[in-house]
$ cat target_3.cif   # mmCIF, C-alpha atoms and all ligand atoms
data_target
#
loop_
_atom_site.label_atom_id
_atom_site.label_comp_id
_atom_site.auth_asym_id
_atom_site.auth_seq_id
_atom_site.Cartn_x
_atom_site.Cartn_y
_atom_site.Cartn_z
CA MET U 1 0.00 0.00 0.00
CA SER U 2 1.36 3.40 -0.93
CA LEU U 3 0.59 6.44 1.12
CA THR U 4 -1.24 8.79 -1.17
CA THR U 5 -0.44 12.44 -0.67
CA ILE U 6 -3.36 14.81 -0.79
CA PRO U 7 -3.30 18.29 -2.27
CA ALA U 8 -3.27 21.17 0.21
CA ILE U 9 -6.56 23.02 0.59
CA GLN U 10 -6.47 26.65 -0.58
CA VAL U 11 -8.42 28.87 1.80
CA GLN U 12 -10.17 32.12 0.85
CA LYS U 13 -11.88 33.64 3.86
CA VAL U 14 -14.90 35.92 3.78
CA ALA U 15 -14.23 39.62 4.35
CA ALA U 16 -17.02 39.79 6.91
CA SER U 17 -19.09 37.04 8.50
CA ARG U 18 -22.87 36.92 7.91
CA ILE U 19 -23.44 35.24 11.27
CA HIS U 20 -25.05 38.31 12.83
CA GLU U 21 -27.79 38.28 10.18
CA VAL U 22 -28.96 34.83 11.29
CA ASP U 23 -31.69 34.31 13.88
CA PHE U 24 -30.43 31.20 15.65
CA GLY U 25 -33.61 30.99 17.69
CA ASN U 26 -35.80 30.53 14.62
CA LEU U 27 -33.91 28.36 12.18
CA VAL U 28 -35.81 26.57 9.45
CA PHE U 29 -33.99 23.28 8.80
CA GLY U 30 -31.54 23.50 5.91
CA SER U 31 -32.26 27.09 4.93
CA GLU U 32 -29.29 29.08 6.27
CA PHE U 33 -25.71 28.35 5.30
CA THR U 34 -22.46 29.31 6.97
CA ASP U 35 -19.81 31.68 5.63
CA HIS U 36 -17.68 29.09 3.85
CA MET U 37 -17.94 26.03 1.63
CA PHE U 38 -15.54 23.38 0.40
CA GLU U 39 -15.14 22.65 -3.29
CA CYS U 40 -12.92 20.14 -5.12
CA ASP U 41 -12.94 19.21 -8.81
CA TYR U 42 -12.29 15.88 -10.44
CA LYS U 43 -10.63 16.07 -13.85
CA ASP U 44 -7.98 14.19 -15.78
CA GLY U 45 -8.53 11.25 -13.47
CA ALA U 46 -7.78 13.03 -10.17
CA TRP U 47 -9.41 15.14 -7.47
CA GLN U 48 -7.72 18.54 -7.59
CA ASN U 49 -7.77 22.18 -6.49
CA PRO U 50 -9.44 21.63 -3.13
CA THR U 51 -10.61 25.04 -1.97
CA ILE U 52 -12.47 26.57 0.93
CA LYS U 53 -14.15 29.76 -0.19
CA PRO U 54 -17.08 32.04 0.67
CA TYR U 55 -20.46 30.31 0.35
CA GLY U 56 -22.02 31.44 -2.92
CA PRO U 57 -23.38 30.48 -6.34
CA LEU U 58 -21.62 28.17 -8.77
CA GLU U 59 -21.11 28.75 -12.44
CA ILE U 60 -22.05 25.59 -14.32
CA TYR U 61 -23.05 25.08 -17.96
CA PRO U 62 -26.64 24.02 -18.63
CA SER U 63 -25.40 20.92 -20.45
CA ALA U 64 -23.68 19.62 -17.28
CA LYS U 65 -24.69 15.98 -16.93
CA VAL U 66 -26.06 16.33 -13.42
CA PHE U 67 -28.99 18.35 -14.81
CA HIS U 68 -29.89 15.71 -17.38
CA TYR U 69 -29.07 12.36 -15.86
CA GLY U 70 -29.10 12.99 -12.13
CA GLN U 71 -25.60 11.68 -11.62
CA ALA U 72 -25.34 12.98 -8.06
CA VAL U 73 -24.92 11.63 -4.54
CA PHE U 74 -24.90 13.23 -1.12
CA GLU U 75 -24.44 12.69 2.61
CA GLY U 76 -26.00 14.11 5.75
CA MET U 77 -24.07 14.43 8.99
CA LYS U 78 -23.93 16.80 11.98
CA ALA U 79 -21.44 18.59 14.21
CA TYR U 80 -22.25 19.22 17.88
CA LYS U 81 -20.66 21.64 20.34
CA ASP U 82 -20.31 20.90 24.05
CA GLU U 83 -20.42 23.50 26.82
CA ALA U 84 -16.61 23.81 26.77
CA GLY U 85 -16.68 24.78 23.09
CA SER U 86 -15.30 21.55 21.64
CA VAL U 87 -16.96 20.35 18.46
CA PHE U 88 -17.64 16.71 17.65
CA LEU U 89 -18.86 14.70 14.72
CA PHE U 90 -20.75 11.43 15.09
CA ARG U 91 -19.24 8.37 13.35
CA PRO U 92 -18.04 10.38 10.31
CA GLN U 93 -16.05 7.45 8.89
CA GLU U 94 -19.43 5.84 8.20
CA ASN U 95 -20.46 8.80 6.05
CA LEU U 96 -17.22 8.74 4.10
CA LYS U 97 -17.59 5.02 3.44
CA ARG U 98 -21.20 5.51 2.42
CA ILE U 99 -20.66 8.42 0.04
CA ASN U 100 -18.03 6.33 -1.70
CA LYS U 101 -20.39 3.34 -1.84
CA SER U 102 -23.08 5.61 -3.30
CA SER U 103 -20.59 7.10 -5.76
CA HIS U 104 -19.45 3.67 -6.87
CA ARG U 105 -23.04 2.70 -7.69
CA MET U 106 -23.52 5.92 -9.67
CA ALA U 107 -20.24 5.51 -11.62
CA ILE U 108 -18.72 8.50 -9.80
CA PRO U 109 -15.07 8.31 -8.70
CA GLU U 110 -14.51 7.81 -4.97
CA PHE U 111 -13.28 10.70 -2.84
CA PRO U 112 -10.04 10.30 -0.82
CA GLU U 113 -10.56 9.73 2.90
CA ALA U 114 -7.68 11.99 3.99
CA LEU U 115 -8.97 14.90 1.93
CA PHE U 116 -12.52 14.40 3.22
CA PHE U 117 -11.33 14.69 6.82
CA ASP U 118 -8.93 17.55 6.10
CA ALA U 119 -11.80 19.46 4.48
CA LEU U 120 -14.16 18.80 7.41
CA HIS U 121 -11.57 19.87 9.97
CA GLN U 122 -10.61 23.10 8.22
CA LEU U 123 -14.12 24.08 7.19
CA ILE U 124 -15.69 23.47 10.60
CA GLU U 125 -12.78 25.17 12.39
CA LEU U 126 -13.37 28.24 10.22
CA ASP U 127 -17.15 28.28 10.80
CA LYS U 128 -17.17 26.93 14.37
CA ASP U 129 -19.07 29.96 15.73
CA TRP U 130 -22.04 28.74 13.69
CA VAL U 131 -22.25 25.59 15.86
CA LYS U 132 -24.25 26.53 18.93
CA PRO U 133 -23.96 24.57 22.17
CA GLY U 134 -27.07 23.15 23.81
CA LEU U 135 -28.83 19.83 23.46
CA GLY U 136 -30.41 19.63 20.03
CA ASN U 137 -28.46 22.44 18.40
CA SER U 138 -26.11 21.30 15.67
CA LEU U 139 -24.48 22.12 12.40
CA TYR U 140 -25.91 20.05 9.58
CA ILE U 141 -23.16 19.01 7.16
CA ARG U 142 -24.03 18.29 3.56
CA PRO U 143 -21.24 16.74 1.45
CA PHE U 144 -22.29 16.04 -2.15
CA VAL U 145 -20.93 15.19 -5.58
CA VAL U 146 -22.33 16.27 -8.94
CA ALA U 147 -21.41 15.43 -12.55
CA THR U 148 -20.14 18.59 -14.25
CA GLN U 149 -19.09 17.51 -17.74
CA ASN U 150 -20.69 19.52 -20.51
CA GLY U 151 -22.66 17.58 -23.06
CA VAL U 152 -25.87 15.61 -23.05
CA SER U 153 -24.58 12.26 -24.24
CA ALA U 154 -25.93 9.63 -21.88
CA SER U 155 -22.70 8.39 -20.36
CA PRO U 156 -20.90 9.02 -17.10
CA SER U 157 -19.31 12.41 -16.72
CA ASP U 158 -15.52 12.70 -16.83
CA THR U 159 -15.54 15.67 -14.47
CA TYR U 160 -17.19 16.09 -11.05
CA LYS U 161 -17.48 18.59 -8.27
CA PHE U 162 -17.31 17.44 -4.63
CA MET U 163 -18.61 20.02 -2.17
CA ILE U 164 -19.38 20.44 1.51
CA ILE U 165 -21.85 23.05 2.72
CA LEU U 166 -22.87 23.66 6.33
CA SER U 167 -26.24 24.67 7.74
CA PRO U 168 -26.94 25.55 11.38
CA ALA U 169 -29.82 23.49 12.80
CA GLN U 170 -31.94 23.59 15.91
CA ALA U 171 -33.55 20.83 17.86
CA TYR U 172 -36.79 20.36 16.11
CA TYR U 173 -39.72 18.46 17.26
CA LYS U 174 -42.63 18.72 14.87
CA GLY U 175 -44.77 16.46 16.98
CA LYS U 176 -45.49 12.87 16.11
CA VAL U 177 -46.10 11.97 12.50
CA LYS U 178 -48.99 10.09 10.94
CA VAL U 179 -47.86 7.77 8.20
CA ILE U 180 -49.45 5.81 5.39
CA VAL U 181 -48.20 2.40 4.26
CA ALA U 182 -47.44 2.42 0.53
CA GLU U 183 -49.62 0.00 -1.43
CA ASN U 184 -48.60 1.00 -4.96
CA PHE U 185 -45.59 3.27 -4.98
CA SER U 186 -42.07 2.13 -4.20
CA ARG U 187 -38.94 3.91 -3.09
CA ALA U 188 -36.47 1.32 -4.30
CA ALA U 189 -36.36 -1.96 -6.18
CA ASP U 190 -34.13 -5.04 -6.20
CA GLY U 191 -30.98 -4.31 -8.16
CA GLY U 192 -31.63 -0.57 -8.01
CA VAL U 193 -30.05 2.32 -6.13
CA GLY U 194 -32.07 2.32 -2.89
CA TYR U 195 -29.00 1.65 -0.77
CA ALA U 196 -27.19 4.65 -2.26
CA LYS U 197 -27.79 8.24 -1.17
CA ALA U 198 -28.47 9.12 -4.79
CA ALA U 199 -30.18 12.47 -5.34
CA GLY U 200 -32.86 10.91 -7.56
CA ASN U 201 -34.10 8.63 -4.77
CA TYR U 202 -35.40 11.74 -3.07
CA GLY U 203 -36.84 13.34 -6.19
CA ALA U 204 -38.84 10.18 -6.85
CA GLN U 205 -40.33 10.23 -3.35
CA PHE U 206 -41.77 13.72 -3.53
CA TYR U 207 -44.86 12.92 -5.60
CA PRO U 208 -46.14 9.95 -3.55
CA THR U 209 -45.33 11.90 -0.38
CA ASN U 210 -47.40 14.84 -1.67
CA LEU U 211 -50.33 12.48 -2.26
CA ALA U 212 -49.95 11.20 1.30
CA LYS U 213 -49.96 14.80 2.59
CA GLU U 214 -53.17 15.56 0.69
CA GLN U 215 -54.72 12.68 2.64
CA GLY U 216 -53.51 14.09 5.96
CA PHE U 217 -50.35 12.04 6.48
CA GLN U 218 -46.84 13.43 6.86
CA GLN U 219 -44.88 10.50 5.56
CA VAL U 220 -45.04 7.26 3.63
CA ILE U 221 -43.82 3.93 4.96
CA TRP U 222 -42.29 2.29 1.93
CA THR U 223 -42.91 -1.36 1.25
CA ASP U 224 -41.03 -3.78 -0.99
CA ALA U 225 -41.50 -3.13 -4.70
CA ASN U 226 -42.39 -6.72 -5.59
CA GLU U 227 -45.38 -7.44 -3.37
CA HIS U 228 -45.83 -4.42 -1.04
CA LYS U 229 -45.88 -6.97 1.77
CA TYR U 230 -42.80 -5.92 3.75
CA LEU U 231 -42.10 -2.65 5.58
CA GLU U 232 -38.80 -1.07 4.58
CA GLU U 233 -38.29 2.62 5.37
CA ALA U 234 -40.29 5.60 6.66
CA GLY U 235 -39.96 8.65 4.43
CA THR U 236 -36.23 9.33 4.29
CA MET U 237 -35.54 7.45 7.50
CA ASN U 238 -35.01 3.86 8.53
CA VAL U 239 -37.93 2.49 10.49
CA PHE U 240 -38.31 0.52 13.73
CA PHE U 241 -41.32 -1.28 15.18
CA ARG U 242 -41.69 -2.16 18.82
CA VAL U 243 -43.90 -5.19 19.39
CA ASN U 244 -44.26 -5.74 23.14
CA ASP U 245 -40.62 -5.23 24.16
CA THR U 246 -38.99 -6.48 20.97
CA LEU U 247 -37.58 -4.09 18.42
CA LEU U 248 -37.97 -5.01 14.74
CA THR U 249 -36.27 -3.48 11.73
CA ALA U 250 -35.61 -4.54 8.16
CA PRO U 251 -32.17 -5.91 7.26
CA ASN U 252 -29.89 -3.92 4.96
CA ASN U 253 -30.07 -4.95 1.33
CA ASP U 254 -29.96 -3.13 -1.99
CA ARG U 255 -33.30 -1.41 -1.28
CA ILE U 256 -32.47 -0.13 2.20
CA LEU U 257 -30.21 2.75 3.11
CA ASP U 258 -27.62 1.60 5.66
CA GLY U 259 -28.34 4.38 8.17
CA VAL U 260 -25.82 5.42 10.82
CA THR U 261 -28.68 6.25 13.22
CA ARG U 262 -30.27 2.84 12.54
CA LYS U 263 -27.12 0.90 13.35
CA SER U 264 -26.47 3.07 16.41
CA VAL U 265 -30.01 2.40 17.71
CA ILE U 266 -29.50 -1.34 17.21
CA ALA U 267 -26.19 -1.19 19.14
CA LEU U 268 -27.74 0.86 21.99
CA ALA U 269 -30.76 -1.43 22.19
CA GLU U 270 -28.63 -4.57 22.33
CA LYS U 271 -26.42 -3.00 24.99
CA ALA U 272 -29.54 -2.20 27.03
CA GLY U 273 -30.59 -5.85 26.81
CA ILE U 274 -33.50 -5.16 24.47
CA ASN U 275 -34.34 -7.96 22.08
CA VAL U 276 -33.70 -6.75 18.52
CA GLU U 277 -34.82 -8.70 15.48
CA VAL U 278 -33.24 -7.56 12.23
CA ARG U 279 -35.41 -9.31 9.67
CA ARG U 280 -38.07 -8.67 7.07
CA VAL U 281 -41.11 -7.16 8.77
CA GLN U 282 -44.48 -7.99 7.24
CA VAL U 283 -47.22 -5.40 6.95
CA ALA U 284 -49.64 -8.16 8.03
CA GLU U 285 -47.84 -8.88 11.31
CA ILE U 286 -47.70 -5.18 12.22
CA VAL U 287 -51.41 -4.75 11.43
CA ALA U 288 -52.18 -7.84 13.54
CA ALA U 289 -50.00 -6.51 16.39
CA ALA U 290 -51.79 -3.14 16.20
CA LYS U 291 -55.17 -4.88 16.40
CA GLU U 292 -54.25 -6.98 19.43
CA GLY U 293 -52.47 -4.10 21.19
CA SER U 294 -48.94 -5.52 21.17
CA LEU U 295 -47.67 -2.87 18.74
CA LYS U 296 -46.31 -0.26 21.14
CA GLU U 297 -44.28 2.07 18.93
CA ILE U 298 -43.14 2.89 15.44
CA PHE U 299 -40.32 5.36 14.91
CA GLY U 300 -38.06 6.62 12.15
CA ALA U 301 -34.29 6.97 12.63
CA GLY U 302 -32.04 9.37 10.71
CA THR U 303 -29.47 12.10 11.26
CA ALA U 304 -31.75 15.10 10.67
CA ALA U 305 -34.48 14.34 13.23
CA VAL U 306 -32.53 11.65 15.18
CA ILE U 307 -35.66 9.71 16.19
CA SER U 308 -39.09 10.54 14.83
CA PRO U 309 -42.00 8.90 16.66
CA VAL U 310 -45.06 7.87 14.67
CA SER U 311 -48.53 8.45 16.16
CA GLY U 312 -50.35 6.03 13.91
CA PHE U 313 -50.49 4.51 10.47
CA SER U 314 -52.99 3.89 7.73
CA TYR U 315 -53.16 0.72 5.68
CA GLN U 316 -55.90 -0.24 3.23
CA ASP U 317 -58.04 2.69 4.38
CA GLU U 318 -57.89 1.59 8.01
CA TYR U 319 -56.17 3.84 10.56
CA TYR U 320 -54.29 2.33 13.49
CA ASP U 321 -53.58 4.65 16.39
CA LEU U 322 -50.54 4.23 18.61
CA HIS U 323 -50.80 5.31 22.23
CA ASP U 324 -48.06 7.18 24.07
CA GLN U 325 -45.79 4.82 25.96
CA PRO U 326 -44.67 5.72 29.49
CA ASP U 327 -41.25 4.11 28.89
CA SER U 328 -40.95 4.93 25.21
CA PHE U 329 -38.06 3.32 23.35
CA ALA U 330 -38.09 6.25 20.91
CA GLN U 331 -37.51 8.77 23.71
CA LYS U 332 -34.89 6.58 25.35
CA PHE U 333 -32.82 6.15 22.19
CA LYS U 334 -33.17 9.79 21.25
CA LYS U 335 -31.88 10.90 24.65
CA ASN U 336 -29.10 8.29 24.59
CA LEU U 337 -27.92 9.33 21.14
CA MET U 338 -28.14 13.07 21.73
CA GLU U 339 -26.23 12.85 25.00
CA ILE U 340 -23.42 10.93 23.30
CA GLN U 341 -23.40 13.37 20.38
CA HIS U 342 -23.23 16.43 22.66
CA ASN U 343 -20.51 14.99 24.90
CA LEU U 344 -22.86 14.83 27.89
CA THR U 345 -22.19 11.20 28.67
CA ASP U 346 -19.70 8.36 28.20
CA ASP U 347 -19.09 7.16 24.69
CA PRO U 348 -18.79 3.38 25.16
CA PHE U 349 -18.71 2.69 21.43
CA GLY U 350 -16.17 5.38 20.49
CA TRP U 351 -18.65 7.16 18.21
CA ARG U 352 -17.63 10.75 18.97
CA TYR U 353 -15.00 12.25 16.71
CA SER U 354 -13.35 15.45 17.89
CA VAL U 355 -13.12 18.02 15.12
CA VAL U 356 -12.42 21.27 17.02
CA ASP U 357 -10.77 21.17 20.48
C1 LIG V 1 -29.94 9.21 4.86
C2 LIG V 1 -31.04 8.21 4.89
C3 LIG V 1 -31.38 7.50 6.06
C4 LIG V 1 -30.75 7.77 7.40
O1 LIG V 1 -29.38 7.57 7.46
P1 LIG V 1 -28.55 8.21 8.67
O2 LIG V 1 -27.17 7.78 8.37
O3 LIG V 1 -29.07 7.63 9.91
O4 LIG V 1 -28.75 9.68 8.59
C5 LIG V 1 -32.35 6.53 5.98
N1 LIG V 1 -33.01 6.29 4.84
C6 LIG V 1 -32.75 6.98 3.71
C7 LIG V 1 -33.51 6.67 2.49
C8 LIG V 1 -31.75 7.95 3.70
O5 LIG V 1 -31.50 8.62 2.57
#

$ encode --input "target_3.cif" --output "structure tokens" --more "lines below"
Ligand SMILES: *Cc1c(COP(=O)(O)O)cnc(C)c1O
Amino acid sequence: MSLTTIPAIQVQKVAASRIHEVDFGNLVFGSEFTDHMFECDYKDGAWQNPTIKPYGPLEIYPSAKVFHYGQAVFEGMKAYKDEAGSVFLFRPQENLKRINKSSHRMAIPEFPEALFFDALHQLIELDKDWVKPGLGNSLYIRPFVVATQNGVSASPSDTYKFMIILSPAQAYYKGKVKVIVAENFSRAADGGVGYAKAAGNYGAQFYPTNLAKEQGFQQVIWTDANEHKYLEEAGTMNVFFRVNDTLLTAPNNDRILDGVTRKSVIALAEKAGINVEVRRVQVAEIVAAAKEGSLKEIFGAGTAAVISPVSGFSYQDEYYDLHDQPDSFAQKFKKNLMEIQHNLTDDPFGWRYSVVD
């Protein structure tokens, strides 16, 4: 194995920060961005010219392949600040591995690990004032890659842009969500790109999700594309079901996104002695459990909302209500995870990653 050297990041700082224009008490998720962004281009077979520069518009030709063929992948991660001012990431190696797995599936060249971490360190150090302390406050980190080659021939691009942008986020609790189980639409199919964080996976979800909203639901629980018999994901989150005191979730496969929150919940649950079954979960068994009262909870798991409890679900025009649990697993895992992320408790699994001391 040779040690690959990485190019040094050029840094252009803003003349004046915009931080004072931002109302940190009223943030809308993903709408404000920090002063700086990271940009790196792939051409002639190599990632080059890594730069940190003021956040602002890009100049890209309209024939760039990303606009025509959706050759694009992304990641979602967060930075958290403790009361002493140190900033931490949560299992960032998982995000690097996953963006490269997604890229591989979309015929995009992988991004070097050392450059990814160098970029995160320098960018977050520069914009660290945008990370506010306090449980629930965070800096949402959005790395992404887009195909930039000009020309509309349907083939993979030979140039790409890798970027990281940062958005301050607040604890948000929108209340519990009502969900509808998909009976016709699918998020992902066997042999497809469901396991990749490909941009188009999200675009394809918007229409069925809008239909669900028109019917009074906030999210769709996606079922398998072949038979719509198995429960797979909730909206853009992995999904868990608690039947009595057992936690059920679907196994990873090429239709399921291998979520960092999902695997962290499984690890925390197992450590707490909770029985976890990672297996295909049938719609029929969850409906039966709801009818007999053994279905205690359903919740989504993902970086943005951490844990998102579900208040009830609809299937075949029947609505099944879920009652609040006094010892809710959703609340327990949310608290557990957030306390680890914010450096408020021990980190038995070594998940915290210090990015600013
Ligand atoms: C990103 C994502 C998740 C959650 O993954 P985390 O790593 O926990 O943020 C789950 N499902 C889908 C479809 C996703 O895109």

$ closest_atom_pairs --input "target_3.cif" --of "chain U" --to "ligand LIG 1 (chain V)" --cutoff "9 Å" --atoms "only C-alpha atoms and all ligand atoms" --output "tab-separated table"
residue	atom	partner	partner_atom	distance
U:Phe74	CA	V:LIG1	C1	8.8
U:Glu75	CA	V:LIG1	C1	6.9
U:Gly76	CA	V:LIG1	O4	5.9
U:Met77	CA	V:LIG1	O4	6.7
U:Glu94	CA	V:LIG1	O2	8.0
U:Asn95	CA	V:LIG1	O2	7.2
U:Arg98	CA	V:LIG1	O2	8.7
U:Arg187	CA	V:LIG1	C7	8.3
U:Gly194	CA	V:LIG1	C7	7.1
U:Tyr195	CA	V:LIG1	C7	7.5
U:Ala196	CA	V:LIG1	O5	7.6
U:Lys197	CA	V:LIG1	O5	5.3
U:Ala198	CA	V:LIG1	O5	8.0
U:Ala199	CA	V:LIG1	O5	8.9
U:Asn201	CA	V:LIG1	C7	7.5
U:Tyr202	CA	V:LIG1	O5	7.5
U:Glu233	CA	V:LIG1	N1	6.5
U:Ala234	CA	V:LIG1	N1	7.5
U:Gly235	CA	V:LIG1	C7	7.0
U:Thr236	CA	V:LIG1	C7	4.2
U:Met237	CA	V:LIG1	C5	3.7
U:Asn238	CA	V:LIG1	C5	4.6
U:Val239	CA	V:LIG1	C5	8.2
U:Arg255	CA	V:LIG1	C7	8.9
U:Ile256	CA	V:LIG1	C7	6.9
U:Leu257	CA	V:LIG1	N1	4.8
U:Asp258	CA	V:LIG1	O1	6.5
U:Gly259	CA	V:LIG1	O1	3.4
U:Val260	CA	V:LIG1	O2	3.7
U:Thr261	CA	V:LIG1	O3	3.6
U:Arg262	CA	V:LIG1	O3	5.6
U:Lys263	CA	V:LIG1	O3	7.8
U:Ser264	CA	V:LIG1	O3	8.4
U:Gly300	CA	V:LIG1	C5	8.4
U:Ala301	CA	V:LIG1	O3	5.9
U:Gly302	CA	V:LIG1	O3	3.5
U:Thr303	CA	V:LIG1	O4	3.7
U:Ala304	CA	V:LIG1	O4	6.5
U:Ala305	CA	V:LIG1	O4	8.7
U:Val306	CA	V:LIG1	O3	7.5

$ residues_near_point --input "target_3.cif" --point "(-41.2, 0.0, -1.0)" --cutoff "10 Å" --atoms "all atoms listed in the file" --output "mmCIF file with C-alpha atoms, keeping the file's coordinate frame"
data_model
loop_
_atom_site.group_PDB
_atom_site.id
_atom_site.type_symbol
_atom_site.label_atom_id
_atom_site.label_comp_id
_atom_site.auth_asym_id
_atom_site.auth_seq_id
_atom_site.Cartn_x
_atom_site.Cartn_y
_atom_site.Cartn_z
ATOM 1 C CA VAL U 181 -48.200 2.400 4.260
ATOM 2 C CA ALA U 182 -47.440 2.420 0.530
ATOM 3 C CA GLU U 183 -49.620 0.000 -1.430
ATOM 4 C CA ASN U 184 -48.600 1.000 -4.960
ATOM 5 C CA PHE U 185 -45.590 3.270 -4.980
ATOM 6 C CA SER U 186 -42.070 2.130 -4.200
ATOM 7 C CA ARG U 187 -38.940 3.910 -3.090
ATOM 8 C CA ALA U 188 -36.470 1.320 -4.300
ATOM 9 C CA ALA U 189 -36.360 -1.960 -6.180
ATOM 10 C CA GLY U 194 -32.070 2.320 -2.890
ATOM 11 C CA VAL U 220 -45.040 7.260 3.630
ATOM 12 C CA ILE U 221 -43.820 3.930 4.960
ATOM 13 C CA TRP U 222 -42.290 2.290 1.930
ATOM 14 C CA THR U 223 -42.910 -1.360 1.250
ATOM 15 C CA ASP U 224 -41.030 -3.780 -0.990
ATOM 16 C CA ALA U 225 -41.500 -3.130 -4.700
ATOM 17 C CA ASN U 226 -42.390 -6.720 -5.590
ATOM 18 C CA GLU U 227 -45.380 -7.440 -3.370
ATOM 19 C CA HIS U 228 -45.830 -4.420 -1.040
ATOM 20 C CA LYS U 229 -45.880 -6.970 1.770
ATOM 21 C CA TYR U 230 -42.800 -5.920 3.750
ATOM 22 C CA LEU U 231 -42.100 -2.650 5.580
ATOM 23 C CA GLU U 232 -38.800 -1.070 4.580
ATOM 24 C CA GLU U 233 -38.290 2.620 5.370
ATOM 25 C CA ALA U 234 -40.290 5.600 6.660
ATOM 26 C CA ARG U 255 -33.300 -1.410 -1.280
ATOM 27 C CA ILE U 256 -32.470 -0.130 2.200
#

$ closest_residue --input "target_3.cif" --among "U:Ile99, U:Val287, U:Val28, U:Ala171" --to "Asn137 in chain U" --atoms "only C-alpha atoms"
U:Ala171

$ atom_distance --input "target_3.cif" --atom1 "CA of Gln149 in chain U" --atom2 "CA of Asp35 in chain U"
27.3 Å

$ atom_distance --input "target_3.cif" --atom1 "CA of Gly175 in chain U" --atom2 "CA of Ile298 in chain U"
13.8 Å

$ atom_distance --input "target_3.cif" --atom1 "CA of Gln316 in chain U" --atom2 "CA of Glu214 in chain U"
16.2 Å

$ residues_around --input "target_3.cif" --residues "Phe111 in chain U" --least-positions-apart "6" --cutoff "10 Å" --atoms "all atoms listed in the file" --output "number ranges by chain"
U: 40, 42, 46-47, 96-97, 99-100, 103, 145, 162

$ closest_residue --input "target_3.cif" --among "U:Pro50, U:Gly56, U:Gly151, U:Pro92" --to "Ser354 in chain U" --atoms "only C-alpha atoms"
U:Pro92

$ closest_residue --input "target_3.cif" --among "U:Pro109, U:Pro168, U:Pro326, U:Gly216" --to "Lys78 in chain U" --atoms "all atoms listed in the file"
U:Pro168

$ residues_around --input "target_3.cif" --residues "range 345-349 of chain U" --least-positions-apart "6" --cutoff "12 Å" --atoms "all atoms listed in the file" --output "list in words"
Asp82, Phe88, Phe90, Arg91, Lys263, Ser264, Val265, Ala267, Leu268, Lys271, Lys335, Asn336, Leu337, Met338 and Glu339 of chain U
